[in-house]
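Chemist: Supplied structure: protein27.pdb, PDB, C-alpha atoms.
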ATOM      1  CA  MET P 135       0.000   0.000   0.000
ATOM      2  CA  LYS P 136       1.068   3.575  -0.273
ATOM      3  CA  LYS P 137       3.000   5.262   2.490
ATOM      4  CA  ILE P 138       0.382   7.933   3.094
ATOM      5  CA  THR P 139      -2.350   5.327   3.449
ATOM      6  CA  LEU P 140      -0.454   3.391   6.078
ATOM      7  CA  LEU P 141       0.445   6.586   7.889
ATOM      8  CA  ALA P 142      -3.198   7.710   7.906
ATOM      9  CA  MET P 143      -4.282   4.346   9.251
ATOM     10  CA  LEU P 144      -1.654   4.513  11.983
ATOM     11  CA  LEU P 145      -2.798   8.016  12.909
ATOM     12  CA  SER P 146      -6.414   6.866  13.229
ATOM     13  CA  MET P 147      -5.315   3.917  15.346
ATOM     14  CA  SER P 148      -3.379   6.162  17.686
ATOM     15  CA  ILE P 149      -6.395   8.477  17.990
ATOM     16  CA  VAL P 150      -8.717   5.593  18.852
ATOM     17  CA  ILE P 151      -6.229   4.160  21.341
ATOM     18  CA  ALA P 152      -5.847   7.558  23.005
ATOM     19  CA  ILE P 153      -9.590   8.081  23.286
ATOM     20  CA  VAL P 154     -10.312   4.611  24.666
ATOM     21  CA  GLU P 155      -7.440   5.024  27.112
ATOM     22  CA  SER P 156      -8.846   8.301  28.371
ATOM     23  CA  PHE P 157     -11.753   6.387  29.854
ATOM     24  CA  ILE P 158      -9.471   4.263  31.999
ATOM     25  CA  PRO P 159      -9.202   5.960  35.381
ATOM     26  CA  THR P 160      -5.709   6.874  36.507
ATOM     27  CA  ILE P 161      -4.310   5.353  39.675
ATOM     28  CA  VAL P 162      -1.870   8.158  40.375
ATOM     29  CA  ILE P 163      -2.808  11.597  39.174
ATOM     30  CA  GLY P 164      -2.179  12.346  35.561
ATOM     31  CA  VAL P 165      -0.469   9.078  34.747
ATOM     32  CA  LYS P 166      -2.061   7.492  31.742
ATOM     33  CA  LEU P 167      -0.578   4.454  30.060
ATOM     34  CA  GLY P 168       0.288   6.345  26.899
ATOM     35  CA  LEU P 169      -0.588   3.387  24.692
ATOM     36  CA  ALA P 170      -0.885   5.693  21.684
ATOM     37  CA  ASN P 171       2.890   5.900  21.806
ATOM     38  CA  ILE P 172       3.040   2.382  20.436
ATOM     39  CA  VAL P 173       2.073   3.959  17.128
ATOM     40  CA  THR P 174       4.469   6.861  17.652
ATOM     41  CA  LEU P 175       7.337   4.412  18.040
ATOM     42  CA  ILE P 176       6.318   2.431  14.960
ATOM     43  CA  VAL P 177       6.228   5.618  12.916
ATOM     44  CA  ILE P 178       9.617   6.705  14.243
ATOM     45  CA  TYR P 179      11.086   3.451  12.995
ATOM     46  CA  LEU P 180       9.283   3.195   9.662
ATOM     47  CA  PHE P 181       8.798   6.746   8.462
ATOM     48  CA  ARG P 182      10.598  10.064   8.236
ATOM     49  CA  ILE P 183      11.114  12.561  11.035
ATOM     50  CA  LYS P 184       8.491  14.949   9.696
ATOM     51  CA  ASP P 185       5.946  12.127   9.545
ATOM     52  CA  ALA P 186       6.492  11.359  13.216
ATOM     53  CA  ILE P 187       6.150  15.021  14.146
ATOM     54  CA  SER P 188       2.929  15.383  12.134
ATOM     55  CA  LEU P 189       1.585  12.219  13.712
ATOM     56  CA  VAL P 190       2.081  13.407  17.280
ATOM     57  CA  ILE P 191       0.785  16.922  16.685
ATOM     58  CA  LEU P 192      -2.242  15.736  14.729
ATOM     59  CA  ARG P 193      -3.061  13.067  17.276
ATOM     60  CA  VAL P 194      -2.953  15.454  20.246
ATOM     61  CA  LEU P 195      -4.951  18.036  18.272
ATOM     62  CA  ILE P 196      -7.653  15.674  17.024
ATOM     63  CA  VAL P 197      -8.055  13.799  20.308
ATOM     64  CA  SER P 198      -8.424  17.066  22.206
ATOM     65  CA  LEU P 199     -11.016  18.299  19.716
ATOM     66  CA  LEU P 200     -12.960  15.049  19.950
ATOM     67  CA  LEU P 201     -12.807  14.905  23.735
ATOM     68  CA  GLY P 202     -13.557  18.578  24.167
ATOM     69  CA  THR P 203     -10.290  19.380  25.915
ATOM     70  CA  PHE P 204      -8.899  21.603  23.176
ATOM     71  CA  LEU P 205      -6.822  24.486  24.580
ATOM     72  CA  SER P 206      -7.305  23.227  28.117
ATOM     73  CA  TYR P 207      -4.469  22.602  30.544
ATOM     74  CA  VAL P 208      -4.626  18.881  29.600
ATOM     75  CA  PHE P 209      -4.153  19.770  25.951
ATOM     76  CA  PHE P 210      -1.028  21.820  26.629
ATOM     77  CA  MET P 211       0.376  19.184  28.946
ATOM     78  CA  SER P 212      -0.152  16.448  26.342
ATOM     79  CA  LEU P 213       1.296  18.586  23.581
ATOM     80  CA  SER P 214       4.325  19.563  25.612
ATOM     81  CA  GLY P 215       4.929  16.029  26.849
ATOM     82  CA  GLY P 216       4.377  14.550  23.406
ATOM     83  CA  ILE P 217       6.732  16.891  21.595
ATOM     84  CA  ILE P 218       9.510  16.669  24.149
ATOM     85  CA  SER P 219       9.297  12.886  24.272
ATOM     86  CA  LEU P 220       9.240  12.747  20.471
ATOM     87  CA  ILE P 221      12.367  14.887  20.149
ATOM     88  CA  VAL P 222      14.190  12.755  22.714
ATOM     89  CA  MET P 223      13.138   9.537  20.997
ATOM     90  CA  LEU P 224      14.122  10.813  17.547
ATOM     91  CA  LEU P 225      17.556  11.824  18.841
ATOM     92  CA  MET P 226      18.034   8.471  20.521
ATOM     93  CA  LYS P 227      17.012   6.644  17.355
ATOM     94  CA  LYS P 228      19.483   8.703  15.346
ATOM     95  CA  ALA P 229      22.285   7.727  17.711
ATOM     96  CA  LYS P 230      21.750   4.132  16.585
ATOM     97  CA  VAL P 231      22.961   2.606  19.818
ATOM     98  CA  PHE P 232      19.750   2.247  21.740
ATOM     99  CA  ASN P 233      17.244  -0.553  21.782
ATOM    100  CA  ILE P 234      13.607   0.301  21.020
ATOM    101  CA  ILE P 235      12.589  -0.555  24.572
ATOM    102  CA  THR P 236      15.144   1.862  26.023
ATOM    103  CA  ILE P 237      13.992   4.578  23.618
ATOM    104  CA  SER P 238      10.412   3.998  24.683
ATOM    105  CA  ALA P 239      11.273   4.079  28.396
ATOM    106  CA  ILE P 240      13.279   7.291  28.113
ATOM    107  CA  GLY P 241      10.614   8.731  25.825
ATOM    108  CA  ALA P 242       7.976   8.005  28.454
ATOM    109  CA  PHE P 243      10.182   9.583  31.118
ATOM    110  CA  SER P 244      10.602  12.720  28.993
ATOM    111  CA  HIS P 245       6.867  12.802  28.417
ATOM    112  CA  SER P 246       6.236  13.063  32.165
ATOM    113  CA  PHE P 247       8.955  15.658  32.399
ATOM    114  CA  GLY P 248       7.359  17.737  29.652
ATOM    115  CA  GLN P 249       3.947  17.507  31.310
ATOM    116  CA  ILE P 250       5.215  18.555  34.727
ATOM    117  CA  ILE P 251       7.152  21.494  33.279
ATOM    118  CA  ILE P 252       3.955  22.864  31.746
ATOM    119  CA  ALA P 253       1.990  22.080  34.916
ATOM    120  CA  MET P 254       4.546  24.049  36.915
ATOM    121  CA  GLY P 255       4.066  26.997  34.611
ATOM    122  CA  LEU P 256       0.290  26.905  34.220
ATOM    123  CA  ILE P 257      -0.760  25.729  37.662
ATOM    124  CA  SER P 258       1.915  25.956  40.286
ATOM    125  CA  PHE P 259       5.485  25.156  41.159
ATOM    126  CA  ALA P 260       4.201  22.536  43.601
ATOM    127  CA  SER P 261       3.517  20.191  40.667
ATOM    128  CA  ILE P 262       7.157  19.192  40.766
ATOM    129  CA  TYR P 263       6.502  17.098  43.869
ATOM    130  CA  TYR P 264       4.583  14.667  41.698
ATOM    131  CA  LEU P 265       7.365  14.215  39.174
ATOM    132  CA  PRO P 266       9.391  11.398  40.795
ATOM    133  CA  VAL P 267       6.491   8.968  41.217
ATOM    134  CA  MET P 268       5.005   9.911  37.859
ATOM    135  CA  ALA P 269       8.366   9.487  36.148
ATOM    136  CA  LEU P 270       8.972   6.104  37.727
ATOM    137  CA  LEU P 271       5.588   4.753  36.652
ATOM    138  CA  SER P 272       6.053   6.198  33.190
ATOM    139  CA  VAL P 273       9.379   4.380  32.757
ATOM    140  CA  VAL P 274       7.640   1.103  33.588
ATOM    141  CA  ALA P 275       4.837   1.920  31.147
ATOM    142  CA  GLY P 276       7.443   2.912  28.564
ATOM    143  CA  ILE P 277       9.102  -0.469  28.787
ATOM    144  CA  ILE P 278       5.788  -2.266  28.226
ATOM    145  CA  ILE P 279       4.956   0.021  25.306
ATOM    146  CA  GLY P 280       8.395  -0.585  23.817
ATOM    147  CA  VAL P 281       7.855  -4.334  23.943
ATOM    148  CA  ILE P 282       4.473  -4.008  22.222
ATOM    149  CA  ALA P 283       5.818  -1.639  19.563
ATOM    150  CA  ASN P 284       8.706  -3.998  18.899
ATOM    151  CA  TYR P 285       6.232  -6.805  18.329
ATOM    152  CA  GLY P 286       4.130  -4.537  16.096
ATOM    153  CA  LEU P 287       7.146  -3.708  13.960
ATOM    154  CA  ARG P 288       7.918  -7.384  13.513
ATOM    155  CA  VAL P 289       4.344  -8.110  12.455
ATOM    156  CA  LEU P 290       4.391  -5.296   9.916
ATOM    157  CA  ASP P 291       7.720  -6.494   8.639
ATOM    158  CA  SER P 292       6.558 -10.061   8.167
ATOM    159  CA  LYS P 293       3.394  -9.037   6.359
ATOM    160  CA  ASN P 294       5.338  -6.845   3.919
ATOM    161  CA  ILE P 295       2.661  -4.231   4.140
ATOM    162  CA  TYR P 296       4.872  -1.400   3.098
ATOM    163  CA  ASN P 297       6.675  -2.620   0.002
ATOM    164  CA  SER P 298       7.097   0.879  -1.300
ATOM    165  CA  LEU P 299       8.748   2.292   1.822
TER
ATOM    166  CA  MET C 188      19.210  -5.315  24.773
ATOM    167  CA  LYS C 189      22.813  -4.348  25.187
ATOM    168  CA  LYS C 190      24.563  -3.425  28.391
ATOM    169  CA  LEU C 191      24.140   0.293  27.692
ATOM    170  CA  ASP C 192      20.366  -0.071  27.688
ATOM    171  CA  TYR C 193      20.279  -1.773  31.056
ATOM    172  CA  ILE C 194      22.648   0.815  32.518
ATOM    173  CA  ILE C 195      20.550   3.725  31.348
ATOM    174  CA  ILE C 196      17.186   2.403  32.438
ATOM    175  CA  GLY C 197      18.650   0.998  35.637
ATOM    176  CA  SER C 198      20.293   4.238  36.678
ATOM    177  CA  ILE C 199      17.203   6.326  35.987
ATOM    178  CA  VAL C 200      14.982   3.955  37.962
ATOM    179  CA  PHE C 201      17.549   3.874  40.776
ATOM    180  CA  ALA C 202      17.855   7.658  40.879
ATOM    181  CA  LEU C 203      14.067   8.067  40.938
ATOM    182  CA  LEU C 204      13.705   5.563  43.763
ATOM    183  CA  ILE C 205      16.332   7.410  45.801
ATOM    184  CA  ILE C 206      14.575  10.720  45.182
ATOM    185  CA  ILE C 207      11.219   9.292  46.219
ATOM    186  CA  LEU C 208      12.752   7.761  49.347
ATOM    187  CA  LEU C 209      14.451  11.022  50.320
ATOM    188  CA  MET C 210      11.293  13.010  49.720
ATOM    189  CA  ASN C 211       9.389  10.778  52.081
ATOM    190  CA  ILE C 212      12.046  10.708  54.784
ATOM    191  CA  LEU C 213      12.780  14.429  54.763
ATOM    192  CA  SER C 214       9.204  15.565  54.581
ATOM    193  CA  GLY C 215       7.635  15.829  57.982
ATOM    194  CA  LYS C 216       4.136  16.553  59.120
ATOM    195  CA  GLU C 217       3.239  20.198  58.792
ATOM    196  CA  SER C 218       0.869  22.152  60.973
ATOM    197  CA  PHE C 219      -0.639  24.569  58.485
ATOM    198  CA  ALA C 220      -2.021  24.511  54.994
ATOM    199  CA  ILE C 221      -2.154  27.394  52.545
ATOM    200  CA  VAL C 222      -4.748  27.327  49.789
ATOM    201  CA  TYR C 223      -3.812  29.101  46.572
ATOM    202  CA  HIS C 224      -6.120  29.984  43.729
ATOM    203  CA  ASP C 225      -4.274  30.832  40.522
ATOM    204  CA  GLY C 226      -1.184  31.600  42.574
ATOM    205  CA  VAL C 227      -2.992  33.872  45.038
ATOM    206  CA  ASN C 228      -3.135  32.971  48.722
ATOM    207  CA  ILE C 229      -6.835  32.820  49.531
ATOM    208  CA  LEU C 230      -6.944  30.830  52.741
ATOM    209  CA  GLU C 231      -4.658  29.681  55.501
ATOM    210  CA  ILE C 232      -5.708  26.734  57.576
ATOM    211  CA  ASP C 233      -4.619  25.598  60.995
ATOM    212  CA  LEU C 234      -4.480  21.829  60.810
ATOM    213  CA  GLY C 235      -4.830  21.575  64.552
ATOM    214  CA  VAL C 236      -8.479  22.555  64.359
ATOM    215  CA  ASP C 237     -10.949  20.050  62.943
ATOM    216  CA  ASN C 238     -13.127  21.904  60.498
ATOM    217  CA  GLU C 239     -14.611  22.066  57.028
ATOM    218  CA  TYR C 240     -13.842  24.796  54.512
ATOM    219  CA  THR C 241     -15.477  25.688  51.237
ATOM    220  CA  ILE C 242     -13.414  27.453  48.609
ATOM    221  CA  ASN C 243     -14.139  28.640  45.116
ATOM    222  CA  GLY C 244     -12.143  27.574  42.121
ATOM    223  CA  ASP C 245     -12.434  28.385  38.429
ATOM    224  CA  ILE C 246     -15.108  25.788  37.800
ATOM    225  CA  GLY C 247     -16.918  25.395  41.066
ATOM    226  CA  GLU C 248     -16.679  24.819  44.775
ATOM    227  CA  ILE C 249     -14.300  22.603  46.648
ATOM    228  CA  VAL C 250     -15.001  21.395  50.154
ATOM    229  CA  LEU C 251     -12.002  20.644  52.315
ATOM    230  CA  GLU C 252     -12.068  18.692  55.521
ATOM    231  CA  VAL C 253      -9.487  18.938  58.284
ATOM    232  CA  LYS C 254      -9.350  16.168  60.833
ATOM    233  CA  ASP C 255      -6.645  14.921  63.201
ATOM    234  CA  GLY C 256      -4.023  17.176  61.663
ATOM    235  CA  LEU C 257      -4.703  16.008  58.118
ATOM    236  CA  LEU C 258      -6.485  17.639  55.227
ATOM    237  CA  HIS C 259      -8.284  16.205  52.246
ATOM    238  CA  VAL C 260     -10.751  17.165  49.573
ATOM    239  CA  LEU C 261     -14.219  16.068  50.595
ATOM    240  CA  GLU C 262     -16.018  17.183  47.481
ATOM    241  CA  ALA C 263     -14.925  18.966  44.344
ATOM    242  CA  ASP C 264     -16.693  20.452  41.340
ATOM    243  CA  CYS C 265     -14.427  19.214  38.608
ATOM    244  CA  PRO C 266     -14.542  16.777  35.712
ATOM    245  CA  ASP C 267     -12.119  14.135  36.947
ATOM    246  CA  HIS C 268     -12.069  14.432  40.765
ATOM    247  CA  THR C 269      -8.366  13.709  40.820
ATOM    248  CA  CYS C 270      -7.904  15.893  43.857
ATOM    249  CA  GLU C 271     -10.292  13.754  45.852
ATOM    250  CA  LYS C 272      -8.235  10.672  45.061
ATOM    251  CA  ILE C 273      -5.073  12.187  46.499
ATOM    252  CA  GLY C 274      -6.584  11.607  49.889
ATOM    253  CA  TRP C 275      -5.347  12.838  53.238
ATOM    254  CA  SER C 276      -2.119  14.752  53.503
ATOM    255  CA  ASN C 277      -0.119  17.040  55.705
ATOM    256  CA  LYS C 278       3.263  16.749  54.074
ATOM    257  CA  GLN C 279       5.062  19.308  52.004
ATOM    258  CA  SER C 280       5.972  16.615  49.490
ATOM    259  CA  ARG C 281       2.347  15.810  48.884
ATOM    260  CA  PRO C 282       0.475  18.957  47.973
ATOM    261  CA  ILE C 283      -3.138  18.754  46.882
ATOM    262  CA  ILE C 284      -3.766  20.139  43.460
ATOM    263  CA  CYS C 285      -7.012  20.641  41.573
ATOM    264  CA  VAL C 286      -5.887  21.498  38.079
ATOM    265  CA  PRO C 287      -9.190  22.537  36.460
ATOM    266  CA  ASN C 288     -10.011  24.837  39.367
ATOM    267  CA  LYS C 289      -6.454  26.174  39.545
ATOM    268  CA  ILE C 290      -6.333  25.383  43.236
ATOM    269  CA  TYR C 291      -3.283  24.156  44.992
ATOM    270  CA  ILE C 292      -2.839  23.491  48.656
ATOM    271  CA  SER C 293       0.592  23.402  50.162
ATOM    272  CA  PHE C 294       1.539  22.310  53.653
ATOM    273  CA  VAL C 295       3.822  24.567  55.628
ATOM    274  CA  GLY C 296       5.165  25.145  59.092
ATOM    275  CA  ALA C 297       4.134  27.829  61.535
ATOM    276  CA  SER C 298       6.966  30.141  60.450
ATOM    277  CA  GLU C 299       5.360  30.710  57.066
ATOM    278  CA  VAL C 300       1.987  31.725  58.341
ATOM    279  CA  ASP C 301       1.727  35.305  59.658
ATOM    280  CA  VAL C 302      -1.923  35.890  60.179
ATOM    281  CA  LEU C 303      -4.648  33.413  59.497
ATOM    282  CA  ILE C 304      -6.746  34.651  56.586
ATOM    283  CA  GLY C 305     -10.302  33.555  56.071
TER
END
Could you write out this structure as structure tokens?
Modeler:
Amino acid sequence: MKKITLLAMLLSMSIVIAIVESFIPTIVIGVKLGLANIVTLIVIYLFRIKDAISLVILRVLIVSLLLGTFLSYVFFMSLSGGIISLIVMLLMKKAKVFNIITISAIGAFSHSFGQIIIAMGLISFASIYYLPVMALLSVVAGIIIGVIANYGLRVLDSKNIYNSL
Amino acid sequence: MKKLDYIIIGSIVFALLIIILLMNILSGKESFAIVYHDGVNILEIDLGVDNEYTINGDIGEIVLEVKDGLLHVLEADCPDHTCEKIGWSNKQSRPIICVPNKIYISFVGASEVDVLIG
């Protein structure tokens, strides 16, 4: 199939995953599993840098519009976390020495970091007290997501879905 | 997974655990709470007095309950009620934050409270 078709399908999948995940209550405040990042990782490995950036921005934008959180504090926290984690992951991928699971774990860690930074600016400096626990849980989630994304990449590879890539 | 990967993840997890441990050990029980709305001090609470307080946030009202030196959110007008789930606290390392209402409650010692407002 064409690149753009696969990319569009991956974007829709990440949107659906993000929306379904938003209905799962969080145990600790603000810590969601971030399952949509499975798609982000797949795109980082299969597509160009600009495709990954478009994917993250479009996903955060569309999900916030669909959930009615557009321009809310949640929107800015997701956007900030998503972009920072994406930049970190892209840099780590470029270095070519890291395993996908490590990239995912550090990406998840950066995501929390990005969210707390915005929370400290928009809400209060006290938000920083939540960073250590949030970061720890996000690293664990990142590892799980990395494992799933790794499996997803293998499946896509074996099915030869993207001959033209 | 090469050695580098384990080292990186391992050291971050280790560092975070140490930070969490230190935060819990160093943070003692405080005697006062200060409620901020959008960065402005709107209420100071003496945790030694059992009482209920109602404050106004951006979206609605929040009812706080103080009992046995601890404070928690009894009821909040917000979409996700995260602040209610935080539960009881009186530690500086565990502030209570209601993001939609722009309310944050920090726990401090007597030296930071001049006059009780509200």
Chemist: Find the residues around P:Asn284 up to 9 Å (only C-alpha atoms counted), leave out those fewer than 3 positions away in its own chain, and share them as a PyMOL selection string.
Modeler: chain P and resi 172+175-176+234-235+279-281+287-289
Chemist: Could you check how far atom CA of C:His268 sits from atom CA of C:Asp237, in Å to one decimal?
Modeler: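 Here the two named atoms are 22.9 Å from each other.
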Chemist: Between atom CA of P:Val274 and atom CA of C:Ile195, what distance in Å does the model show, to one decimal?
Modeler: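 Pair atom CA of P:Val274 / atom CA of C:Ile195 returns 13.4 Å.
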Chemist: As an exercise, work out the distance from atom CA of C:Ile246 to atom CA of P:Ser206 in Å and give it to one decimal place.
Modeler: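 Between these atoms lies a distance of 12.7 Å.
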Chemist: Using only C-alpha atoms, find the one residue out of P:Ser212, P:Asn294, P:Ser156, P:Ser258 that sits nearest to P:Ser246.
Modeler: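 Checking each of P:Ser212, P:Asn294, P:Ser156, P:Ser258 against P:Ser246, counting only C-alpha atoms, the winner is P:Ser212.
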Chemist: Could you write out as an mmCIF file with C-alpha atoms, in the coordinates of the input the residues that the ChimeraX specification (/P :<7) & /C matches in the shown file?
Modeler:
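Full text of selection-v8.cif as output:
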data_model
loop_
_atom_site.group_PDB
_atom_site.id
_atom_site.type_symbol
_atom_site.label_atom_id
_atom_site.label_comp_id
_atom_site.auth_asym_id
_atom_site.auth_seq_id
_atom_site.Cartn_x
_atom_site.Cartn_y
_atom_site.Cartn_z
ATOM 1 C CA MET C 188 19.210 -5.315 24.773
ATOM 2 C CA ASP C 192 20.366 -0.071 27.688
ATOM 3 C CA ILE C 196 17.186 2.403 32.438
ATOM 4 C CA VAL C 200 14.982 3.955 37.962
ATOM 5 C CA LEU C 203 14.067 8.067 40.938
ATOM 6 C CA ILE C 206 14.575 10.720 45.182
ATOM 7 C CA ILE C 207 11.219 9.292 46.219
ATOM 8 C CA ASP C 225 -4.274 30.832 40.522
ATOM 9 C CA GLY C 226 -1.184 31.600 42.574
ATOM 10 C CA THR C 269 -8.366 13.709 40.820
ATOM 11 C CA SER C 280 5.972 16.615 49.490
ATOM 12 C CA ARG C 281 2.347 15.810 48.884
ATOM 13 C CA PRO C 282 0.475 18.957 47.973
ATOM 14 C CA VAL C 286 -5.887 21.498 38.079
ATOM 15 C CA LYS C 289 -6.454 26.174 39.545
#
Chemist: Which residue out of P:Gly248, P:Tyr179, P:Glu155, P:Ser146 has the minimum interatomic distance to P:Gly286 when all atoms listed in the file are used?
Modeler: P:Tyr179
Chemist: Taking the file as shown, what set of residues would the PyMOL selection byres ((chain C and resi 260-262) around 8) give back, as a PyMOL selection string?
Modeler: chain C and resi 249-252+258-259+263-264+270-271+274-275
Chemist: Give me the residues within 6 Å of stretch 208-218 of chain C as a list in words, counting only C-alpha atoms and dropping any in the same chain fewer than 5 places off.
Modeler: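 Near neighbours after the sequence-gap exclusion: Leu234, Asn277, Lys278, Phe294, Val295 and Gly296 of chain C.
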Chemist: Looking at all atoms listed in the file, which of P:Val154, P:Leu201, P:Ile252, P:Ile218 is the one that sits closest to P:Lys166?
Modeler: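 For P:Lys166, the nearest of the candidates is P:Val154.
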Chemist: Give, as AutoDock Vina command-line options, the centre coordinates and the x, y and z edge lengths in Å to one decimal for an axis-aligned box around all listed atoms of stretch 232-244 of chain P, padded by 5 Å on each side.
Modeler:
--center_x 13.9 --center_y 6.1 --center_z 26.1 --size_x 21.8 --size_y 23.3 --size_z 20.1
Chemist: Would you translate the PyMOL selection byres ((chain P and resi 142) around 12) into the concrete set of residues it matches in this file, as a ChimeraX atom specification?
Modeler: /P:135-141,143-149,173,177,185-186,188-189,192-193
Chemist: Go ahead and save the picked residues with C-alpha atoms, as a short mmCIF file (atom, residue, chain, number, x, y, z; two decimals), keeping the file's coordinate frame.
Modeler:
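Full text of result13.cif as output:
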data_model
loop_
_atom_site.label_atom_id
_atom_site.label_comp_id
_atom_site.auth_asym_id
_atom_site.auth_seq_id
_atom_site.Cartn_x
_atom_site.Cartn_y
_atom_site.Cartn_z
CA MET P 135 0.00 0.00 0.00
CA LYS P 136 1.07 3.58 -0.27
CA LYS P 137 3.00 5.26 2.49
CA ILE P 138 0.38 7.93 3.09
CA THR P 139 -2.35 5.33 3.45
CA LEU P 140 -0.45 3.39 6.08
CA LEU P 141 0.44 6.59 7.89
CA MET P 143 -4.28 4.35 9.25
CA LEU P 144 -1.65 4.51 11.98
CA LEU P 145 -2.80 8.02 12.91
CA SER P 146 -6.41 6.87 13.23
CA MET P 147 -5.32 3.92 15.35
CA SER P 148 -3.38 6.16 17.69
CA ILE P 149 -6.40 8.48 17.99
CA VAL P 173 2.07 3.96 17.13
CA VAL P 177 6.23 5.62 12.92
CA ASP P 185 5.95 12.13 9.54
CA ALA P 186 6.49 11.36 13.22
CA SER P 188 2.93 15.38 12.13
CA LEU P 189 1.58 12.22 13.71
CA LEU P 192 -2.24 15.74 14.73
CA ARG P 193 -3.06 13.07 17.28
#
